[in-house]
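Notes for the one structure printed next.
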4 protein chains.
Amino acid sequence: MSKRVAVLTSGGDAPGMNACIRAIVIACKKRNYDLIGYLHGYNGLIKQESISLSLDSTHNLIQQGGTVLHSARCKAFTEEAGLKQAAANLSEAGVDALLVIGGDGSFRGATHLADHYLGQIIGIPGTIDNDIAGTDATIGYYTAIDTAMNSIDKVRDTADAFERIFLVEVMGRHAGFLALNAALSSAADYVILPEFFESPESEIKKILTQIHAQRRVRGSVSFIVVVAENVWPQGLQALTKALNDSGITDVRPVTLGHVQRGGTPVSNDRLLATSLGEYAVSLVGTDTSNVMVGEVNREPTTVPLTTTSDSKPLNSAQVALMKSIMNERYG
Amino acid sequence: MSKRVAVLTSGGDAPGMNACIRAIVIACKKRNYDLIGYLHGYNGLIKQESISLSLDSTHNLIQQGGTVLHSARCKAFTEEAGLKQAAANLSEAGVDALLVIGGDGSFRGATHLADHYLGQIIGIPGTIDNDIAGTDATIGYYTAIDTAMNSIDKVRDTADAFERIFLVEVMGRHAGFLALNAALSSAADYVILPEFFESPESEIKKILTQIHAQRRVRGSVSFIVVVAENVWPQGLQALTKALNDSGITDVRPVTLGHVQRGGTPVSNDRLLATSLGEYAVSLVGTDTSNVMVGEVNREPTTVPLTTTSDSKPLNSAQVALMKSIMNERYG
Amino acid sequence: MSKRVAVLTSGGDAPGMNACIRAIVIACKKRNYDLIGYLHGYNGLIKQESISLSLDSTHNLIQQGGTVLHSARCKAFTEEAGLKQAAANLSEAGVDALLVIGGDGSFRGATHLADHYLGQIIGIPGTIDNDIAGTDATIGYYTAIDTAMNSIDKVRDTADAFERIFLVEVMGRHAGFLALNAALSSAADYVILPEFFESPESEIKKILTQIHAQRRVRGSVSFIVVVAENVWPQGLQALTKALNDSGITDVRPVTLGHVQRGGTPVSNDRLLATSLGEYAVSLVGTDTSNVMVGEVNREPTTVPLTTTSDSKPLNSAQVALMKSIMNERYG
Amino acid sequence: MSKRVAVLTSGGDAPGMNACIRAIVIACKKRNYDLIGYLHGYNGLIKQESISLSLDSTHNLIQQGGTVLHSARCKAFTEEAGLKQAAANLSEAGVDALLVIGGDGSFRGATHLADHYLGQIIGIPGTIDNDIAGTDATIGYYTAIDTAMNSIDKVRDTADAFERIFLVEVMGRHAGFLALNAALSSAADYVILPEFFESPESEIKKILTQIHAQRRVRGSVSFIVVVAENVWPQGLQALTKALNDSGITDVRPVTLGHVQRGGTPVSNDRLLATSLGEYAVSLVGTDTSNVMVGEVNREPTTVPLTTTSDSKPLNSAQVALMKSIMNERYG
């Protein structure tokens, strides 16, 4: 039986969202499902702004960063009236299943929508932060690691030339996935993560120990500290000042910023996005609803939307490795 | 108790081999193990060509393609005399554990060496082909996918401009991992894989069906066929001719070639190489030997070296997805 | 006074053609000129296939490889009837000026069109080969150098690992610009150029001299030969065989192929394309016609279309430098 | 007659400095000149820290960012005693010619050194800022444009997704070369340059005009402002606030920072660095001294070191083009 499917992107954009939209278009076409795309996240749902998505729109879409459906915050969707309006619009449009590509804020919204909308709701994890429980990785996460790593590779050229200390702030919201993986893959000397942050004093002390140990053994050297955003009180400037006050004067802060959200997706994000898009559409018409699709151990899976904001641990082997680099290398 | 560890790289080089060497150096330093690096694969073992590997040698090593230990084929190692000489040299050098970074040919050699050498032998999977059982991915595989994908992205620019058919040959030895992932991530229209190759006639027929279907629906279009190496009898030129003979005249063959083996490794290869190097050294001094370390479901694991050439299946969801693209999209 | 302008892309596509189209759209908009884009090179002119180009179409166009107007060969345009038809169509469409982005074959066509069409004809040099007299560089040339160079950087990783000889064929049609610049910028050891090719025997002899000299001084080493296409009789396989026959056995050929035509343009190509597009439109309405716009010493300039196929010399300082690398380095 | 040459890198590092060092090594080898490299800029000259540079050190050097000779500021070199010590050390080491790769601060130092040192002094322009008179481009400039452009390409993905205003600060010290070229090549909507900065009020007014015009014509859109560093009073945060105060609320600032100094050099920087290194060495032994080598209209040239800090104008065609984009596009 034919179905009517809708898709939207919500929350911070992430490389691979377009690849996921493309996969959804193809998967719907294959099954003869109608597909509409709502624009500007939940705003388009409330304001009935939508476009139809045909096969032609998928050409050269897999490699584009950003999202052709646009994204936006939507205050109205946090209120009863907005949710009801959205549900009414979906019913009026005859939408059987709504696919939401986004992060945990978007899934919280979707959960509330489910109180008013009787169709299927399926979440697809799209965020560079990887802070969504129920999937090993989120769409955009792999590209963001590579973007951060490549930037740190460049920073190291300058750090080595001047034998300076560089502080590099990477994104991640309140999780350390991106910072930890960027630090390990770029051979950074130290990382400050929300999951293990004790106090400014203890971090400064450890950084100083490492810098002094390296300088003792190898002479003047470069030293790169990766700092997850939202961890250090008052930010990178405060950390720079704290190091200056401790006698480490040649410190340069770099905030990678929104560059990390863009760019053509790497293969892993394109493959994940393609796989999740296909899987989400394959669930349309089943009695599975209010779930997020994810990939665990390379197999597609679903979890209730309500559990996607559960705590998600860092990889313990990676944590142990980074800790050993930060603590023992020159001990 | 301190140990003496040796490492070598063997077989085709792969991006991330240097990242693995770096991790091994750091892991040995942490445990106060001595570490020597044999040069030119098993040749260095037989000819006693080696270098010492210190922490200083690891600086800026993680991002380098190739292998600082060099690699080479070694005919002498396929013979009894060579194996005995290698074993004698290892004993004389007091090597407790030999780490071999390479592919299944290298592991076969390592297995034979174990008949003569009493120390530990630990394999680490390094090849862009991903054709090693016992690990989800091999070092270099992720980078090769991205290299192939980025090249196909460029080919598509020209294919679109001229609305031509392009045949792109990618590596993979006798396995389709690289070709399948490159095809899916670059939105190729067709892929020819060793795992599903029936006959030239049936493949040509399917390709023609797809091209004609697309042209019927969308007019003149570009069409990209990814071809795994060693599959098509007589190679890409023969496939080009076969298509010409079938009335498809505007066909251009592109062989990506050795470009796929080089380049700075992507983050996933750096992380895998770092994790496997650390894990391999952690096994030194245990009674685990004649194994390959690998990563399965993001956890380190070991399998007997003798099982690494077992058959390893493609990801079934990916296969189904690609098949649906090739068969049903315009059906 | 308002004008009606047409643009088409012809010949081999080159990165930056889209950037040039974008610049032309903006330049026309600024002057309130109408602009139409003919599709598929001169074919669109003959078959009256065209699209209108608005400001909206320029969004995110500057970074796209290929050409949104498509390109194609056009046999009909080499015949009187085709030229007359094209001229008639241009007149009927009220086109005051035709801008042709392409190479010297395209400009030859434009020159013949001028016998039948009374409007302005302005050529813009777009080809990765840089073989157009009257401009220091052609649109696409800079990107192709970087693409070739980056590929050779990757090949070197493997060449170093195995201490092998690699032959890398790069494009350039019958000119050595691309090969020479790719060789110099990738620190290749040898280059074979159409401008200086003597005989297979003498080239082989020089290559052998270099390889033996390097091996004498530095032991086994990698060695990279960049080969311009269309120079070596019977191509790369023949050169490989000739080296094998001379006792150099570990030779690997790599043909970069159409990858060199695609990809997002580098900044120099975007800037050149933007500058030439703007300049071409600025000439509309003047009495300048049957010219190609170009950039010489960073200033815009024009030359008669009939002189664009004149011989264009390589940079003499670059030639001297490469020759000294090939002849004297280990002398 | 054989010569003794010395080289150092000074000031901010730039991609291509290593390529230049490589060219100098090869050029010296060719002429049988001795070559030493002083470390850490002028500090190494004063403290007699140097290394010898052999052909082996040039392998895989052309593609490395940073500088293997390191760089540093040198306060001692601004004082008489330091200059005298440096001159004495050069004489004692028997250095006939000192090559200084750096920017105008480095050349000022070199000029002062000439009061005490009788050997040749030859400057080579190396800085991403391109603010050196007497050469069309400086080593590192081309790579920095591409790095900035590629970063802005990524920012645009996010800007488009959210239809937001982004402010992107790029380097350039007190010159607008980098900002102007990054803006033009990334199709930015507005640029703020030191050369044309009038007042915060007038810039804000113009930006508002452009944003409102675009929104009127195209609806909600993204808008990218490239801002040269050191221009806006109190920096990017102040500009963000000023726009907020003017009713433009969705503004995001991004400071690209030191990422722009690093990375593997693009072909144009490798070629320029190679050409200038060769040319500088070719002048050793002539009576040319206290000059900087440069490239003007693709030919090598020299200018007195004292003139390198003269004012250097932006390209007037580029300025006109950018102004037309900022003023007239939606007028």
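Following the order of the structure tokens, chains are lettered A, B, ..., residues in each are numbered from 1, and ligands are numbered from 1.
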Wanna dump the chain D-chain C contacts at 7 Å for me, each residue with its shortest atom pair and the distance in Å to one decimal, counting only C-alpha atoms, ordered by chain and number, as CSV?
residue,atom,partner,partner_atom,distance
D:Lys30,CA,C:Arg329,CA,6.0
D:Ile62,CA,C:Ala187,CA,6.9
D:Ile145,CA,C:Ser267,CA,6.8
D:Asp146,CA,C:Ser267,CA,5.7
D:Leu184,CA,C:Leu271,CA,6.9
D:Ser185,CA,C:Ser267,CA,5.5
D:Ala187,CA,C:Ile62,CA,6.9
D:Val266,CA,C:Asp146,CA,6.6
D:Ser267,CA,C:Ser185,CA,5.5
D:Arg270,CA,C:Ser185,CA,5.5
D:Leu271,CA,C:Ser185,CA,5.7
D:Asn297,CA,C:Asn297,CA,4.9
D:Glu328,CA,C:Lys30,CA,6.7
D:Arg329,CA,C:Lys30,CA,6.0
Would you mind exporting the chosen residues as a PDB file, in the first residue's frame, restricted to N, CA and C atoms?
ATOM      1  N   LYS D  30      74.407  21.823  -6.324  1.00  0.00           N
ATOM      2  CA  LYS D  30      74.713  21.883  -7.752  1.00  0.00           C
ATOM      3  C   LYS D  30      75.995  22.676  -8.008  1.00  0.00           C
ATOM      4  N   ILE D  62      59.420  19.221   0.357  1.00  0.00           N
ATOM      5  CA  ILE D  62      58.692  20.220  -0.430  1.00  0.00           C
ATOM      6  C   ILE D  62      57.236  20.344   0.019  1.00  0.00           C
ATOM      7  N   ILE D 145      45.358  31.737   1.054  1.00  0.00           N
ATOM      8  CA  ILE D 145      44.094  32.064   0.376  1.00  0.00           C
ATOM      9  C   ILE D 145      43.230  30.806   0.265  1.00  0.00           C
ATOM     10  N   ASP D 146      43.831  29.712  -0.190  1.00  0.00           N
ATOM     11  CA  ASP D 146      43.065  28.476  -0.347  1.00  0.00           C
ATOM     12  C   ASP D 146      42.544  27.955   1.000  1.00  0.00           C
ATOM     13  N   LEU D 184      36.668  37.183  -2.509  1.00  0.00           N
ATOM     14  CA  LEU D 184      36.294  37.025  -3.920  1.00  0.00           C
ATOM     15  C   LEU D 184      36.187  35.555  -4.309  1.00  0.00           C
ATOM     16  N   SER D 185      37.146  34.748  -3.851  1.00  0.00           N
ATOM     17  CA  SER D 185      37.161  33.357  -4.298  1.00  0.00           C
ATOM     18  C   SER D 185      36.119  32.514  -3.585  1.00  0.00           C
ATOM     19  N   ALA D 187      33.125  33.780  -2.869  1.00  0.00           N
ATOM     20  CA  ALA D 187      31.840  34.408  -3.161  1.00  0.00           C
ATOM     21  C   ALA D 187      31.197  34.993  -1.909  1.00  0.00           C
ATOM     22  N   VAL D 266      50.240  24.710  -1.461  1.00  0.00           N
ATOM     23  CA  VAL D 266      49.660  24.472  -2.795  1.00  0.00           C
ATOM     24  C   VAL D 266      50.760  24.618  -3.846  1.00  0.00           C
ATOM     25  N   SER D 267      50.456  24.207  -5.067  1.00  0.00           N
ATOM     26  CA  SER D 267      51.498  24.176  -6.096  1.00  0.00           C
ATOM     27  C   SER D 267      52.113  25.548  -6.344  1.00  0.00           C
ATOM     28  N   ARG D 270      54.716  26.202  -3.801  1.00  0.00           N
ATOM     29  CA  ARG D 270      55.897  25.346  -3.994  1.00  0.00           C
ATOM     30  C   ARG D 270      56.742  25.835  -5.162  1.00  0.00           C
ATOM     31  N   LEU D 271      56.057  26.245  -6.229  1.00  0.00           N
ATOM     32  CA  LEU D 271      56.767  26.701  -7.426  1.00  0.00           C
ATOM     33  C   LEU D 271      57.475  28.022  -7.170  1.00  0.00           C
ATOM     34  N   ASN D 297      55.700  39.644 -12.648  1.00  0.00           N
ATOM     35  CA  ASN D 297      55.293  39.202 -13.992  1.00  0.00           C
ATOM     36  C   ASN D 297      56.004  37.911 -14.406  1.00  0.00           C
ATOM     37  N   GLU D 328      26.386  47.274  -5.711  1.00  0.00           N
ATOM     38  CA  GLU D 328      25.429  47.448  -6.786  1.00  0.00           C
ATOM     39  C   GLU D 328      24.562  46.232  -7.054  1.00  0.00           C
ATOM     40  N   ARG D 329      24.952  45.095  -6.516  1.00  0.00           N
ATOM     41  CA  ARG D 329      24.354  43.860  -6.960  1.00  0.00           C
ATOM     42  C   ARG D 329      22.831  43.844  -6.840  1.00  0.00           C
TER      43      ARG D 329
END
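If you count only C-alpha atoms and ignore residues fewer than 5 places along the chain from A:Ser52, what sits within 12 Å of it is Arg4, Val5, Ala6, Val7, Leu8, Ile21, Val25, Tyr33, Asp34, Leu35, Ile36, Gly37, Tyr38, Leu39, Ser57, Thr58, Val68 and Leu69 of chain A.
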* For B:Phe223, list every protein, DNA or RNA residue within 7 Å, evaluated using only C-alpha atoms, and leave out those in the same chain fewer than 3 positions away; present the list as a PyMOL selection string. => chain B and resi 164-166+189
* **Nearest candidate to B:Gln210 (options B:Leu99, B:Asp129, B:Ala76, B:Met326; using only C-alpha atoms)** => B:Met326
* **Selection near stretch 200-203 of chain A, 10 Å with only C-alpha atoms, sequence-local residues under 3 positions removed, as a list in words** => Tyr190, Val191, Ile192, Phe196, Phe197, Lys206, Ile207, Leu208, Thr209, Val231, Trp232, Pro233, Ala238, Leu239 and Ala242 of chain A
* Asked: Using the chain letters and numbers from this document, which residues of stretch 24-252 of chain A does DSSP assign to strand (DSSP E), as a ChimeraX atom specification?
  -> /A:34-38,50-52,97-102,120-125,165-170,190-192,223-228,251-252
Taking N, CA and C atoms for each residue, export the selection above as a short mmCIF file (atom, residue, chain, number, x, y, z; two decimals), in the first residue's frame.
data_model
loop_
_atom_site.label_atom_id
_atom_site.label_comp_id
_atom_site.auth_asym_id
_atom_site.auth_seq_id
_atom_site.Cartn_x
_atom_site.Cartn_y
_atom_site.Cartn_z
N ASP A 34 4.99 8.66 -1.65
CA ASP A 34 5.11 10.11 -1.82
C ASP A 34 6.05 10.65 -0.76
N LEU A 35 6.77 11.69 -1.11
CA LEU A 35 7.68 12.27 -0.12
C LEU A 35 7.63 13.79 -0.20
N ILE A 36 7.42 14.41 0.93
CA ILE A 36 7.55 15.87 0.98
C ILE A 36 8.62 16.24 2.01
N GLY A 37 9.29 17.35 1.76
CA GLY A 37 10.31 17.84 2.67
C GLY A 37 9.84 19.14 3.31
N TYR A 38 9.75 19.15 4.64
CA TYR A 38 9.41 20.40 5.33
C TYR A 38 10.66 21.24 5.49
N SER A 50 6.74 23.53 2.57
CA SER A 50 7.35 22.27 2.18
C SER A 50 7.66 22.25 0.70
N ILE A 51 8.52 21.36 0.31
CA ILE A 51 8.81 21.14 -1.10
C ILE A 51 8.65 19.66 -1.39
N SER A 52 8.40 19.34 -2.66
CA SER A 52 8.38 17.92 -2.99
C SER A 52 9.80 17.52 -3.38
N ALA A 97 4.03 9.04 7.87
CA ALA A 97 5.25 8.90 8.67
C ALA A 97 6.11 10.15 8.54
N LEU A 98 6.58 10.63 9.68
CA LEU A 98 7.46 11.80 9.70
C LEU A 98 8.86 11.37 10.11
N LEU A 99 9.83 11.68 9.27
CA LEU A 99 11.22 11.38 9.58
C LEU A 99 11.92 12.66 10.02
N VAL A 100 12.55 12.62 11.18
CA VAL A 100 13.22 13.79 11.73
C VAL A 100 14.71 13.52 11.82
N ILE A 101 15.49 14.26 11.02
CA ILE A 101 16.96 14.15 11.09
C ILE A 101 17.47 15.25 12.01
N GLY A 102 18.06 14.88 13.12
CA GLY A 102 18.52 15.90 14.06
C GLY A 102 19.16 15.32 15.29
N GLN A 120 3.36 7.68 12.22
CA GLN A 120 4.67 7.22 12.68
C GLN A 120 5.65 8.38 12.81
N ILE A 121 6.48 8.33 13.84
CA ILE A 121 7.58 9.28 13.95
C ILE A 121 8.88 8.49 14.08
N ILE A 122 9.83 8.79 13.20
CA ILE A 122 11.10 8.07 13.22
C ILE A 122 12.23 9.09 13.21
N GLY A 123 13.09 9.02 14.23
CA GLY A 123 14.23 9.92 14.30
C GLY A 123 15.46 9.32 13.62
N ILE A 124 16.28 10.19 13.06
CA ILE A 124 17.56 9.77 12.46
C ILE A 124 18.64 10.68 13.06
N PRO A 125 19.66 10.09 13.69
CA PRO A 125 20.62 10.91 14.43
C PRO A 125 21.56 11.68 13.52
N ILE A 165 52.99 26.69 22.58
CA ILE A 165 51.84 25.99 23.13
C ILE A 165 50.60 26.48 22.38
N PHE A 166 49.83 25.58 21.83
CA PHE A 166 48.57 25.96 21.19
C PHE A 166 47.39 25.30 21.91
N LEU A 167 46.37 26.09 22.14
CA LEU A 167 45.11 25.57 22.68
C LEU A 167 44.10 25.57 21.55
N VAL A 168 43.52 24.43 21.26
CA VAL A 168 42.58 24.35 20.14
C VAL A 168 41.22 23.90 20.66
N GLU A 169 40.24 24.81 20.57
CA GLU A 169 38.90 24.47 21.03
C GLU A 169 38.11 23.81 19.93
N VAL A 170 37.57 22.63 20.22
CA VAL A 170 36.71 21.94 19.25
C VAL A 170 35.30 21.84 19.82
N TYR A 190 47.59 16.83 24.91
CA TYR A 190 46.71 16.92 26.08
C TYR A 190 45.30 17.20 25.60
N VAL A 191 44.32 16.73 26.36
CA VAL A 191 42.94 17.04 25.99
C VAL A 191 42.14 17.35 27.26
N ILE A 192 41.27 18.31 27.16
CA ILE A 192 40.39 18.66 28.29
C ILE A 192 38.96 18.32 27.89
N PHE A 223 53.50 22.06 21.85
CA PHE A 223 52.61 21.33 22.75
C PHE A 223 51.19 21.74 22.40
N ILE A 224 50.38 20.75 22.09
CA ILE A 224 49.02 21.07 21.66
C ILE A 224 47.99 20.52 22.64
N VAL A 225 47.15 21.41 23.12
CA VAL A 225 46.06 21.03 24.03
C VAL A 225 44.74 21.17 23.28
N VAL A 226 44.02 20.07 23.16
CA VAL A 226 42.68 20.14 22.59
C VAL A 226 41.69 20.37 23.73
N VAL A 227 40.82 21.35 23.55
CA VAL A 227 39.89 21.72 24.61
C VAL A 227 38.46 21.58 24.09
N ALA A 228 37.67 20.75 24.72
CA ALA A 228 36.26 20.65 24.34
C ALA A 228 35.56 21.95 24.72
N VAL A 251 51.64 31.07 24.55
CA VAL A 251 50.42 30.30 24.36
C VAL A 251 49.53 30.99 23.33
N ARG A 252 49.02 30.22 22.38
CA ARG A 252 48.13 30.78 21.35
C ARG A 252 46.82 30.00 21.34
#
* Asked: Taking only C-alpha atoms into account, which of C:Ile248, C:Val259, C:Ile132, C:Ile139 comes nearest C:Pro313?
  ->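 Among the listed residues, C:Ile132 lies closest to C:Pro313.
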* Find the spatial neighbours of stretch 43-49 of chain D, counting only C-alpha atoms, within a cut-off of 12 Å - ignore same-chain residues fewer than 6 positions away - and output them as a ChimeraX atom specification. => /A:162 /D:6-11,36-37,69-93,95,98-100,106,109-110,113
With C-alpha atoms retained, export the selected residues as a tab-separated table (two decimals), in the first residue's frame.
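What ended up in out.tsv:
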chain	number	residue	atom	x	y	z
A	162	PHE	CA	57.80	28.36	16.94
D	6	ALA	CA	73.78	30.23	5.35
D	7	VAL	CA	70.00	30.30	5.50
D	8	LEU	CA	67.46	31.04	8.22
D	9	THR	CA	63.70	31.49	8.49
D	10	SER	CA	62.36	34.38	10.50
D	11	GLY	CA	59.01	35.92	11.40
D	36	ILE	CA	74.38	25.71	6.94
D	37	GLY	CA	70.98	26.40	8.40
D	69	LEU	CA	64.79	25.53	10.70
D	70	HIS	CA	62.17	26.83	13.13
D	71	SER	CA	61.36	30.48	13.53
D	72	ALA	CA	61.16	32.86	16.44
D	73	ARG	CA	61.13	36.48	17.39
D	74	CYS	CA	64.51	37.79	18.46
D	75	LYS	CA	64.63	40.76	20.77
D	76	ALA	CA	68.43	40.68	20.94
D	77	PHE	CA	68.58	41.33	17.21
D	78	THR	CA	66.95	44.72	17.65
D	79	GLU	CA	69.95	45.85	19.68
D	80	GLU	CA	73.44	46.84	18.60
D	81	ALA	CA	75.10	44.14	20.70
D	82	GLY	CA	73.03	41.39	19.13
D	83	LEU	CA	73.69	42.57	15.60
D	84	LYS	CA	77.43	42.74	16.27
D	85	GLN	CA	77.45	39.29	17.78
D	86	ALA	CA	75.58	37.90	14.79
D	87	ALA	CA	77.99	39.55	12.36
D	88	ALA	CA	80.97	38.23	14.27
D	89	ASN	CA	79.54	34.73	14.25
D	90	LEU	CA	78.92	34.85	10.51
D	91	SER	CA	82.48	35.97	9.89
D	92	GLU	CA	83.89	33.32	12.18
D	93	ALA	CA	81.83	30.66	10.39
D	95	VAL	CA	79.72	32.63	5.69
D	98	LEU	CA	73.24	34.89	4.29
D	99	LEU	CA	69.77	34.11	2.93
D	100	VAL	CA	66.87	35.29	5.08
D	106	SER	CA	62.98	40.17	9.16
D	109	GLY	CA	66.72	43.21	10.85
D	110	ALA	CA	68.76	42.13	7.85
D	113	LEU	CA	72.90	43.54	10.18
* Asked: Which residues, written as a list in words, have at least one atom at most 8 Å from C:Asp131, with only C-alpha atoms counted and residues fewer than 6 positions away on the same chain left out?
  ->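 Everything that qualifies: Asp104, Thr138, Gly172, Ala175, Phe177, Ser309 and Lys312 of chain C.
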May I have the residues from that selection written out with N, CA and C atoms, as a PDB file, in the first residue's frame?
ATOM      1  N   ASP C 104      41.259  25.953 -27.750  1.00  0.00           N
ATOM      2  CA  ASP C 104      41.546  26.514 -29.072  1.00  0.00           C
ATOM      3  C   ASP C 104      40.666  25.895 -30.166  1.00  0.00           C
ATOM      4  N   THR C 138      45.101  29.629 -18.197  1.00  0.00           N
ATOM      5  CA  THR C 138      43.730  29.368 -18.622  1.00  0.00           C
ATOM      6  C   THR C 138      42.927  28.865 -17.424  1.00  0.00           C
ATOM      7  N   GLY C 172      47.528  17.273 -20.718  1.00  0.00           N
ATOM      8  CA  GLY C 172      48.176  18.442 -21.283  1.00  0.00           C
ATOM      9  C   GLY C 172      48.027  18.538 -22.805  1.00  0.00           C
ATOM     10  N   ALA C 175      50.892  19.901 -25.017  1.00  0.00           N
ATOM     11  CA  ALA C 175      51.742  20.884 -24.351  1.00  0.00           C
ATOM     12  C   ALA C 175      52.219  20.351 -22.996  1.00  0.00           C
ATOM     13  N   PHE C 177      52.831  22.152 -20.153  1.00  0.00           N
ATOM     14  CA  PHE C 177      52.636  23.034 -18.995  1.00  0.00           C
ATOM     15  C   PHE C 177      52.262  22.249 -17.737  1.00  0.00           C
ATOM     16  N   SER C 309      45.918  30.097 -31.123  1.00  0.00           N
ATOM     17  CA  SER C 309      46.571  28.801 -31.306  1.00  0.00           C
ATOM     18  C   SER C 309      48.041  28.955 -31.665  1.00  0.00           C
ATOM     19  N   LYS C 312      53.007  28.719 -27.671  1.00  0.00           N
ATOM     20  CA  LYS C 312      53.141  29.376 -26.368  1.00  0.00           C
ATOM     21  C   LYS C 312      54.257  28.669 -25.613  1.00  0.00           C
TER      22      LYS C 312
END
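The interatomic distance for the pair atom CA of D:Gly103 and atom CA of D:Val291 works out to 13.1 Å.
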* Taking the DSSP assignment computed from this structure's backbone, write out as a count of residues only all residues of stretch 46-188 of chain B that belong to alpha helix (DSSP H). => 56
* To do: Skip C:Gly134 itself and residues of its chain fewer than 5 positions away, then list as a PyMOL selection string all residues within 9 Å of it, counting only C-alpha atoms.
  => chain C and resi 292-296+301-304+307-310+312
* To do: Enter the distance from atom CA of B:Thr255 to atom CA of B:Pro194, in Å, rounded to one decimal.
  =>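 Between atom CA of B:Thr255 and atom CA of B:Pro194 the gap works out to 16.8 Å.
Between atom CA of D:Ala213 and atom CA of D:Ser151 the separation is 25.9 Å.
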